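Undergrad: The structure that follows is given in the form of structure tokens.
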There are 2 protein chains.
Amino acid sequence: MSIKRFIIYIILVFFSYNVFANTYKTISPNGNVKLFFDLSEKGTPYYKLTYDDKNVINESYMGFVLKWGKGLLEDFTVLETVKKSFDEIWEPVWGEESKIRNNNNELLVKLQQKETKRLMNIRFRIYDDGVGFRYEFPEQDNLTHFIVAEEKTQFALNGNHKAYWIPGNYDSQEYCPNVSLLSEIRDIFRKKYGKVRGSYYSETGVQTPLQLKSVNGIYINIHEAALVDFPCMHLNLDDKNMVLEVNLTPDAVGNKGYVQAPFTTPWRTIIVSDDARDILASKLVLNLNEPCAYNDVSWIKPQKYMGVWWEMITGKSSWSYTNGIRSFKIGEVDYSKMEPSGRHGANTANVKKYLGFAALHGFDALLVEGWNEGWEDWYGKQKDFVFDFVTPYPDFDMKYLTEYAATKKVKLVMHHETSSSIRNYERHMDKAYQLMVDNGYETVKSGYVGPILPLGEHHDGQWMVNHYLYAVKKAAEYRIMVDAHEPVHPTGLHRTYPNLLANEAARGMEHPINNNHFTILPFTRLIGGPMDCTPGIVEMDISKFNPHLNGQVKWVNTTICHQLALYCTMYSPLQMAADLPENYEKYMDVFQFIKDVAVDWDGSRYLEAEPAKYITVARKAKGTNNWFIGSVTGDEAYVSNVKLDFLDKDKKYIATIYADGKDADWKRNPQSYTIEKGVVTNKTKLKIKTVPAGGYAISIFEVKSKDALKGLKHF
Amino acid sequence: MSIKRFIIYIILVFFSYNVFANTYKTISPNGNVKLFFDLSEKGTPYYKLTYDDKNVINESYMGFVLKWGKGLLEDFTVLETVKKSFDEIWEPVWGEESKIRNNNNELLVKLQQKETKRLMNIRFRIYDDGVGFRYEFPEQDNLTHFIVAEEKTQFALNGNHKAYWIPGNYDSQEYCPNVSLLSEIRDIFRKKYGKVRGSYYSETGVQTPLQLKSVNGIYINIHEAALVDFPCMHLNLDDKNMVLEVNLTPDAVGNKGYVQAPFTTPWRTIIVSDDARDILASKLVLNLNEPCAYNDVSWIKPQKYMGVWWEMITGKSSWSYTNGIRSFKIGEVDYSKMEPSGRHGANTANVKKYLGFAALHGFDALLVEGWNEGWEDWYGKQKDFVFDFVTPYPDFDMKYLTEYAATKKVKLVMHHETSSSIRNYERHMDKAYQLMVDNGYETVKSGYVGPILPLGEHHDGQWMVNHYLYAVKKAAEYRIMVDAHEPVHPTGLHRTYPNLLANEAARGMEHPINNNHFTILPFTRLIGGPMDCTPGIVEMDISKFNPHLNGQVKWVNTTICHQLALYCTMYSPLQMAADLPENYEKYMDVFQFIKDVAVDWDGSRYLEAEPAKYITVARKAKGTNNWFIGSVTGDEAYVSNVKLDFLDKDKKYIATIYADGKDADWKRNPQSYTIEKGVVTNKTKLKIKTVPAGGYAISIFEVKSKDALKGLKHF
């Protein structure tokens with residue numbers, strides 16, 4: 001320990017003792033994480049968090065401003081504290097691991113506001129990789145229904161950390177992440193996002209999951225778990241004092257949350273480690289969610305799918321059927337009398353072609369967007385009755401395709417674009433789900449593009465948080481799996497409702513991205529749950545199949561091997577092979593990895609990780625001895641060094657390594673790659689060079705017969 | 001013609017000629033009503049209306065401010081005008097008349113905004129009793145979707161008229177009407193309603209239907225017809241110039257209406273006559289609505305009903321089951337384990353008692369409120385999931401009561417209190433309606449008490465206007481009739497959707513009322529459609545059966561005969577006998593009229609009418625030769641003189657006259673009445689004295705046998 005560090009240490013210890021004279025302290029099972037709780041002189045609750053006895057969160061106040069009457073901010077006394085230890089292993093329906101350990105020490109602080117006699121509890125759960133805490137309002141006489149005007153929970157940071165952030169916005173998370181010091185956020189916000197207006201609430205507003213890194217190498221991740229019946233948590237930074245404070249999403253009249261006791265808020269989570277890999281491997285958010293709510297989960301299945309989708313995204317074809325109308329009402333247009341534009345993607349022949357390709361290559365399912373009437377006039381016009389979710393275009397023969405898909409053993413994935421006309425979607429939901437059941441669709445991709453109707457509500461508000469879960473629970477009644485796009489950020493609810501397979505809730509492949517995009521998302525967006533990030537693009541030059549684009553739009557700013565790696569690094573039980581069949585046909589050797597890679601896992605090892613730089617993960621395919629490794633690189637080239645010591649000692653494996661070519665370049669030469677096949681064992685060490693926005697992918701198959709190894713080199 | 005009047009006439013003629021040099025003029029079939037339309041120098045549309053060549057509406061501008069871009073206010077040119085005459089007789093499913101004549105001359109003005117090339121038509125229909133006009137936006141390239149920021153339609157009045165008004169409020173019409181000069185509105189508003197805030201938008205805001213009376217005795221009624229997919233029209237008075245201007249109800253972000261062309265606005269209606277009776281008899285609002293939308297209307301039936309309702313209103317019993325809980329969530333409380341309060345009205349035994357009484361006296365149906373779980377914690381708390389509309393309290397045996405009601409041939413009327421949690425109601429609507437079908441309920445009384453959820457939306461906004469009609473149309477899918485309380489003001493939509501039997505949308509019997517209340521409502525509220533006004537109170541002193549009240553609350557400020565008259569004067573196909581069985585048992589002679597009176601009619605004759613003073617109407621019961629007369633009196637005593645010349649010349653009738661007793665007094669002696677029976681013919685003239693807030697009712701039955709007349713006096 002250097003002198004300097006020793007002095008800081010002494011100061012910290014002194015400070016801690018001073019402030020936390022009567023502190024309630026709880027330590028994580030391995031002792032790494034310590035949580036301190038106390039009341040200020042005014043009776044305001046506050047907490048503090050250390051990792052390895054270093055301050056992670058300084059003294060941070062807690063409580064609520066209420067719309068009416070005295071807030072829940074001060075004048076509290078501790079009635080009682082209850083400590084509890086918890087240790088269990090549970091099995092998710094699907095996931096990165098087949099068994100998850102939930103081991104924590106709990107501190108329940110029962111508070112009473114002296115003057116008002118109101119009760120408010122705070123429950124902390126301290127894990128080896130962080131802490132979760134939530135507010136609980138027990139059933140009581142003096143506090144039944146109330147309106148939260150502000151939540152005042154703080155996260156007082158211990159320095160001007162590096163932050164991996166997107167701007168606070170009540171309606172969208174579709175941003176390229178910024179990497180900057182906390183003190184730089186305000187300037188960047190002004191330059192990139194302009195003024196505080198609409199869904200932007202503050203120049204120092206940031207969203208969660210928020211990844212931070214301190215100068216002394218502590219990784220801190222702030223998020224929430226189990227967001228149910230409460231507004232989404234955003235953060236606002238006091239950039240003088242480096243204190244983050246919760247900023248809940250308001251409703252149309254500016255109220256934040258409507259609460260009825262008994263009630264528990266979502267958990268506020270802090271994941272912490274001095275090893276970035278621990279952040280990625282953390283199951284803290286999942287563990288804080290409730291166990292599975294369904295008795296029968298046999299109908300819930302991870303899936304690899306393709307889509308009649310990328311061709312619309314890239315402009316090769318269109319969602320809409322005709323150019324002949326601009327303004328109409330569903331049910332008032334006879335499409336059979338309209339002149340087709342000739343560009344409609346979801347036509348029977350084209351869908352059939354995709355189904356054939358998907359079947360041939362072993363995919364589980366095919367998404368078809370633009371199958372239903374209404375796409376000529378759907379978005380941004382405050383149109384209420386925009387889709388009915390049951391009426392196909394005249395050139396989409398649902399009955400025929402349903403039968404054809406069945407013969408091909410490929411499931412069709414339904415698409416429900418709500419255009420954020422929420423009432424309209426709920427009005428049609430039962431019939432829409434029933435149509436799916438009647439036609440063998442098991443999964444729905446739902447979309448929430450555009451401002452929420454009625455205007456004034458936000459994607460992240462309590463009203464919408466309620467809706468998303470309503471849609472998932474009702475889907476479960478029909479045994480339907482859900483992949484919602486443009487929703488609130490995920491908070492681990494897929495533990496409780498595992499038919500929520502994936503979400504978007506981030507900038508996906510259909511928008512221009514930064515080179516480091518996918519080296520950051522696992523530290524931010526994925527902390528809440530799987531993302532339907534639509535990887536697998538093999539033809540980055542979209543103008544090759546959309547002559548209208550003239551080479552201008554080229555938004556897939558990665559190498560082809562980076563795309564392959566995403567099937568491992570971007571964990572999801574729902575993985576798309578997003579590109580077009582004809583593009584895959586040109587890269588069948590690369591496509592082989594997409595065909596091979598699993599979508600459900602017995603276990604995962606994060607081998608290397610540094611946000612914005614690189615992530616390497618190895619995953620064991622569920623029920624097999626096969627492994628798949630993905631490694632993505634950020635702005636700068638990287639040399640990955642990994643040991644395969646997780647392989648079984650006594651087993652033999654054949655590995656296929658898909659790596660950036662020497663001349664690979666995300667901008668000029670993204671399709672340069674090498675594919676090498678060879679033998680690996682648990683002693684194998686690999687050193688693989690990647691280029692910026694590059695990466696590699698490895699399939700590792702157990703081989704039972706030694707003959708299979710003949711003629712293969714050893715890596 | 002006096003000199004003074006002659007001079008005014010000359011000025012008017014001169015003025016008209018001057019301003020309307022190039023005017024488009026359309027005259028009503030009998031020539032009484034004349035409509036003038038033209039464009040100002042700036043190209044702003046304006047109109048003018050005369051009755052009997054007297055100015056009723058002076059030059060009044062028309063148009064819209066849009067949220068974005070140039071408004072639809074000026075720069076118009078007339079492309080074309082189309083004139084059309086229309087005359088038909090149609091038959092309503094139910095009504096005051098069995099046949100209704102729709103006879104008008106139409107002027108369609110096709111306008112184009114020169115700079116923008118946008119098209120906007122205005123369609124006028126000129127009737128002998130007024131005019132309706134609406135804006136129409138044809139399908140066009142330059143105007144597809146737009147947001148209305150303000151509608152600028154004016155009604156420029158020709159003087160400081162007497163107004164029968166309630167204050168403009170986006171969420172409620174439950175006011176006692178005010179009678180004042182227009183110039184007095186502002187002062188009265190300040191004194192009675194305080195500041196402009198919340199749902200009050202202006203100190204001179206008034207609601208429609210608005211009844212006016214000019215100094216020269218012209219009655220003018222302003223309202224709207226066919227309010228579909230548009231915000232409710234309120235009015236704002238410029239009390240210097242006596243110009244009323246439309247003030248549409250805003251949504252949560254302040255927008256008024258979301259419009260997609262092709263679109264037609266609701267009709268703006270002006271009913272006009274120099275005889276107040278014509279206002280009451282007018283079918284203008286109905287005629288401007290579309291014909292019936294249903295092919296099969298056999299399931300729609302006018303009804304006379306009773307209710308387990310007044311006993312809760314008066315505090316004798318309660319909607320809720322227990323006092324043991326204050327805050328809970330539906331489905332999380334096991335009511336069977338709660339201690340009953342003993343005051344729950346909707347218990348099986350009590351309902352059975354009502355059913356027996358209703359059956360004995362020939363009623364069609366019985367409403368039961370408070371039958372379902374949730375009433376302990378339902379209102380004003382922004383509670384989203386407040387009722388599920390399907391789960392009865394443990395002491396309400398739905399199965400048994402369904403069977404018992406069937407044996408008694410009395411239909412149960414369902415009650416759905418939404419507490420304005422709109423999404424929650426829509427989510428449960430299908431199951432709730434299905435429960436009704438399964439248990440033989442044919443009619444639902446729905447309620448919208450409290451602020452609309454999500455907050456920011458208003459009862460009268462476009463979002464809610466859409467909801468009310470959604471509920472009615474969905475009810476029709478289940479062959480269910482609707483009686484919605486606390487809705488937007490009715491606008492004659494029951495012509496198109498006759499399963500919308502009635503609405504509240506006014507201050508009913510459950511609140512304290514002024515003595516003149518029911519002499520004004522037919523001129524205001526009823527112009528839009530029937531009201532479920534819950535008449536028939538025979539025991540005005542509520543403390544007699546609610547000992548808690550101690551005589552303080554006595555809100556039925558009328559005589560008993562006034563109550564009887566309401567069955568005729570307050571036209572509705574849904575009429576309640578609102579009082580308790582035990583009260584009727586004390587007044588069986590009076591109750592006889594309630595039992596006798598019809599609820600559907602072949603024809604109606606308004607015999608006497610003056611707003612706030614008196615209304616006398618005679619109605620012929622459908623499919624019979626029997627007539628019923630009701631007469632209500634306002635603040636001042638009145639002597640009614642009516643001729644029964646509408647009776648058939650060659651028929652004999654026995655009349656029973658229920659009239660105020662000589663010592664009747666609404667406050668001190670409301671139950672003083674006389675009942676006389678005698679013979680009447682078409683030569684009979686009656687002179688009946690009434691007291692303030694008094695009235696009379698007459699049943700007139702055709703008698704085929706002369707023997708029946710024996711011993712009876714002749715009136």
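Identifiers in the structure tokens: chain A, B, ... in order shown; residue index from 1 per chain; ligand index from 1 in order shown.
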Please provide as a PyMOL selection string all residues within 12 Å of A:Asn641, with the sequence filter that same-chain residues fewer than 2 positions apart are discarded (counting only C-alpha atoms).

TA: chain A and resi 607-609+614-617+631+638-639+643-644+684-690+696

Undergrad: Using 6 Å as the limit and counting only C-alpha atoms, can you tabulate each residue of chain A that touches chain B, with its shortest atom-to-atom distance in Å and the two atoms involved, as CSV?

TA:
residue,atom,partner,partner_atom,distance
A:Thr144,CA,B:Ser327,CA,5.9
A:Ala252,CA,B:Gly456,CA,5.9
A:Val253,CA,B:Gly456,CA,5.7
A:Ser327,CA,B:Thr144,CA,5.9
A:Gly456,CA,B:Val253,CA,5.7

Undergrad: Name all residues at most 9 Å from stretch 275-280 of chain B (count only C-alpha atoms; drop same-chain ones fewer than 6 positions away) and give them as a VMD selection string.

TA: chain B and resid 129 217 to 221 522 to 523 526 to 527 605 to 611 615

Undergrad: Just to be explicit: take each residue in the selection above, keep N, CA, C and O atoms, and write the result as a CSV table (one decimal), in the first residue's frame.

TA:
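Saved result, again.csv, follows:
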chain,number,residue,atom,x,y,z
B,129,ASP,N,-87.2,24.5,-37.8
B,129,ASP,CA,-86.9,24.8,-36.4
B,129,ASP,C,-85.4,25.0,-36.1
B,129,ASP,O,-85.0,24.9,-35.0
B,217,GLY,N,-88.5,37.6,-27.3
B,217,GLY,CA,-89.2,36.3,-27.2
B,217,GLY,C,-88.8,35.2,-28.1
B,217,GLY,O,-89.5,34.3,-28.4
B,218,ILE,N,-87.6,35.3,-28.6
B,218,ILE,CA,-87.1,34.2,-29.5
B,218,ILE,C,-86.3,33.2,-28.6
B,218,ILE,O,-85.4,33.6,-27.8
B,219,TYR,N,-86.6,31.9,-28.7
B,219,TYR,CA,-85.9,30.9,-28.0
B,219,TYR,C,-84.8,30.3,-28.9
B,219,TYR,O,-85.1,29.9,-30.0
B,220,ILE,N,-83.6,30.3,-28.4
B,220,ILE,CA,-82.5,29.8,-29.2
B,220,ILE,C,-81.8,28.7,-28.4
B,220,ILE,O,-81.5,28.9,-27.2
B,221,ASN,N,-81.6,27.6,-29.0
B,221,ASN,CA,-80.9,26.5,-28.3
B,221,ASN,C,-79.7,26.1,-29.1
B,221,ASN,O,-79.8,25.8,-30.3
B,522,PRO,N,-85.4,19.8,-19.6
B,522,PRO,CA,-85.8,19.4,-21.0
B,522,PRO,C,-85.4,20.4,-22.1
B,522,PRO,O,-85.3,20.0,-23.2
B,523,PHE,N,-85.1,21.7,-21.7
B,523,PHE,CA,-84.6,22.6,-22.7
B,523,PHE,C,-83.1,22.6,-22.8
B,523,PHE,O,-82.5,23.2,-23.8
B,526,LEU,N,-81.9,17.5,-22.1
B,526,LEU,CA,-82.6,16.5,-22.9
B,526,LEU,C,-82.6,16.8,-24.4
B,526,LEU,O,-83.0,15.9,-25.2
B,527,ILE,N,-82.1,17.9,-24.8
B,527,ILE,CA,-82.0,18.2,-26.3
B,527,ILE,C,-81.1,17.2,-26.9
B,527,ILE,O,-81.2,16.8,-28.1
B,605,ARG,N,-97.3,15.7,-27.4
B,605,ARG,CA,-97.7,17.1,-27.6
B,605,ARG,C,-97.2,18.0,-26.4
B,605,ARG,O,-97.6,17.7,-25.3
B,606,TYR,N,-96.4,18.9,-26.8
B,606,TYR,CA,-96.0,19.9,-25.7
B,606,TYR,C,-97.1,20.9,-25.6
B,606,TYR,O,-97.3,21.7,-26.6
B,607,LEU,N,-97.8,21.0,-24.5
B,607,LEU,CA,-99.0,21.8,-24.4
B,607,LEU,C,-98.6,23.2,-23.9
B,607,LEU,O,-99.2,24.2,-24.3
B,608,GLU,N,-97.7,23.2,-23.0
B,608,GLU,CA,-97.3,24.5,-22.3
B,608,GLU,C,-95.8,24.4,-22.0
B,608,GLU,O,-95.3,23.4,-21.6
B,609,ALA,N,-95.1,25.5,-22.2
B,609,ALA,CA,-93.7,25.4,-21.9
B,609,ALA,C,-93.1,26.8,-21.7
B,609,ALA,O,-93.4,27.7,-22.6
B,610,GLU,N,-92.4,27.0,-20.7
B,610,GLU,CA,-91.5,28.2,-20.5
B,610,GLU,C,-90.4,27.8,-19.6
B,610,GLU,O,-90.7,27.3,-18.5
B,611,PRO,N,-89.2,27.9,-20.1
B,611,PRO,CA,-88.1,27.4,-19.2
B,611,PRO,C,-88.0,28.0,-17.8
B,611,PRO,O,-88.3,29.2,-17.7
B,615,ILE,N,-93.7,23.2,-17.7
B,615,ILE,CA,-93.7,22.4,-18.9
B,615,ILE,C,-94.8,21.4,-18.7
B,615,ILE,O,-95.0,20.7,-17.7

Undergrad: Excluding same-chain residues fewer than 2 positions from B:Arg101, what lies within 8 Å of it counting only C-alpha atoms, as a list in words?

TA: Asp87, Glu88, Ile89, Trp90, Lys99 and Asn103 of chain B

Undergrad: Mind checking DSSP for stretch 586-706 of chain B and telling me the helix (DSSP H, G or I) residues as a PDB file with N, CA, C and O atoms, in the first residue's frame?

TA:
ATOM      1  N   LYS B 586     -96.615   2.945   1.260  1.00  0.00           N
ATOM      2  CA  LYS B 586     -97.380   3.972   1.988  1.00  0.00           C
ATOM      3  C   LYS B 586     -98.177   4.872   1.050  1.00  0.00           C
ATOM      4  O   LYS B 586     -99.019   5.640   1.499  1.00  0.00           O
ATOM      5  N   MET B 588     -99.662   3.924  -2.178  1.00  0.00           N
ATOM      6  CA  MET B 588    -100.027   3.063  -3.298  1.00  0.00           C
ATOM      7  C   MET B 588    -100.922   3.782  -4.302  1.00  0.00           C
ATOM      8  O   MET B 588    -100.901   3.465  -5.489  1.00  0.00           O
ATOM      9  N   ASP B 589    -101.690   4.753  -3.844  1.00  0.00           N
ATOM     10  CA  ASP B 589    -102.551   5.475  -4.790  1.00  0.00           C
ATOM     11  C   ASP B 589    -101.712   6.324  -5.754  1.00  0.00           C
ATOM     12  O   ASP B 589    -101.979   6.382  -6.951  1.00  0.00           O
ATOM     13  N   VAL B 590    -100.700   6.946  -5.221  1.00  0.00           N
ATOM     14  CA  VAL B 590     -99.785   7.720  -6.060  1.00  0.00           C
ATOM     15  C   VAL B 590     -98.958   6.782  -6.946  1.00  0.00           C
ATOM     16  O   VAL B 590     -98.739   7.038  -8.135  1.00  0.00           O
ATOM     17  N   PHE B 591     -98.528   5.701  -6.345  1.00  0.00           N
ATOM     18  CA  PHE B 591     -97.699   4.723  -7.039  1.00  0.00           C
ATOM     19  C   PHE B 591     -98.402   4.174  -8.282  1.00  0.00           C
ATOM     20  O   PHE B 591     -97.772   3.768  -9.252  1.00  0.00           O
ATOM     21  N   GLN B 592     -99.763   4.207  -8.221  1.00  0.00           N
ATOM     22  CA  GLN B 592    -100.521   3.687  -9.354  1.00  0.00           C
ATOM     23  C   GLN B 592    -100.122   4.389 -10.664  1.00  0.00           C
ATOM     24  O   GLN B 592    -100.032   3.758 -11.719  1.00  0.00           O
ATOM     25  N   PHE B 593     -99.888   5.700 -10.585  1.00  0.00           N
ATOM     26  CA  PHE B 593     -99.503   6.417 -11.811  1.00  0.00           C
ATOM     27  C   PHE B 593     -98.179   5.897 -12.351  1.00  0.00           C
ATOM     28  O   PHE B 593     -98.017   5.692 -13.555  1.00  0.00           O
ATOM     29  N   ILE B 594     -97.229   5.657 -11.428  1.00  0.00           N
ATOM     30  CA  ILE B 594     -95.915   5.159 -11.853  1.00  0.00           C
ATOM     31  C   ILE B 594     -96.054   3.790 -12.507  1.00  0.00           C
ATOM     32  O   ILE B 594     -95.372   3.470 -13.481  1.00  0.00           O
ATOM     33  N   LYS B 595     -96.965   2.993 -11.953  1.00  0.00           N
ATOM     34  CA  LYS B 595     -97.207   1.679 -12.548  1.00  0.00           C
ATOM     35  C   LYS B 595     -97.870   1.804 -13.918  1.00  0.00           C
ATOM     36  O   LYS B 595     -97.563   1.058 -14.841  1.00  0.00           O
ATOM     37  N   ASP B 596     -98.768   2.794 -14.032  1.00  0.00           N
ATOM     38  CA  ASP B 596     -99.540   2.922 -15.271  1.00  0.00           C
ATOM     39  C   ASP B 596     -98.750   3.527 -16.422  1.00  0.00           C
ATOM     40  O   ASP B 596     -98.913   3.144 -17.575  1.00  0.00           O
ATOM     41  N   LYS B 706    -119.214   1.662 -22.242  1.00  0.00           N
ATOM     42  CA  LYS B 706    -119.791   2.834 -21.593  1.00  0.00           C
ATOM     43  C   LYS B 706    -120.032   2.602 -20.109  1.00  0.00           C
ATOM     44  O   LYS B 706    -120.065   3.528 -19.314  1.00  0.00           O
TER      45      LYS B 706
END

Undergrad: What is the distance between atom CA of A:Tyr571 and atom CA of A:Asn104, in Å to one decimal?

TA: 24.8 Å

Undergrad: Go through stretch 271-516 of chain B and collect every residue that DSSP, computed from the backbone, puts in strand (DSSP E); the answer should be as JSON, numbers by chain.

TA: {"B": [271, 272, 273, 303, 304, 305, 306, 307, 308, 365, 366, 367, 368, 411, 412, 413, 414, 415, 416, 417, 443, 444, 445, 446, 447, 481, 482, 483, 484, 485, 500, 501, 502, 503]}

Undergrad: For B:Phe64, work out the shell of residues within 9 Å, counting only C-alpha atoms and skipping chain neighbours fewer than 6 positions away, then give it as a PyMOL selection string.

TA: chain B and resi 71-73+148-153

Undergrad: Would you output that residue set with N, CA and C atoms, as a compact mmCIF listing (two decimals), in the first residue's frame?

TA:
# COMPACT_ATOMS: atom_id res chain seq x y z
N GLY B 71 -53.59 27.91 -40.16
CA GLY B 71 -54.90 27.47 -39.72
C GLY B 71 -55.90 27.43 -40.86
N LEU B 72 -57.06 26.87 -40.55
CA LEU B 72 -58.15 26.83 -41.52
C LEU B 72 -59.12 27.95 -41.17
N LEU B 73 -58.61 29.16 -41.28
CA LEU B 73 -59.35 30.32 -40.80
C LEU B 73 -59.63 31.35 -41.87
N VAL B 148 -56.25 19.66 -34.21
CA VAL B 148 -57.02 20.89 -34.00
C VAL B 148 -56.57 21.52 -32.68
N ALA B 149 -56.05 22.73 -32.79
CA ALA B 149 -55.66 23.46 -31.57
C ALA B 149 -56.87 24.20 -31.00
N GLU B 150 -57.70 24.75 -31.86
CA GLU B 150 -58.94 25.41 -31.42
C GLU B 150 -59.95 25.35 -32.56
N GLU B 151 -61.19 25.17 -32.20
CA GLU B 151 -62.25 25.42 -33.18
C GLU B 151 -62.73 26.84 -32.95
N LYS B 152 -62.89 27.61 -34.01
CA LYS B 152 -63.23 29.03 -33.87
C LYS B 152 -64.66 29.34 -34.30
N THR B 153 -65.48 28.32 -34.33
CA THR B 153 -66.88 28.56 -34.70
C THR B 153 -67.54 29.49 -33.71

Undergrad: Which of these residues is nearest to B:Ser604, using only C-alpha atoms: B:His234, B:Lys283, B:Lys411, B:Lys337?

TA: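 Distance minimum relative to B:Ser604 lands on B:Lys283.
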
Undergrad: Identify, on the basis of only C-alpha atoms, every residue whose closest approach to B:Lys352 does not exceed 10 Å; exclude the query and any residue fewer than 2 positions from it along the same chain; express the result as JSON, numbers by chain.

TA: {"B": [346, 347, 348, 349, 350, 354, 355, 356, 357, 358, 400, 401, 404, 405, 408]}

Undergrad: Could you tell me how far atom CA of B:Lys114 sits from atom CA of B:Tyr61, in Å to one decimal place?

TA: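 Computed distance, atom CA of B:Tyr61 to atom CA of B:Lys114, equals 18.0 Å.
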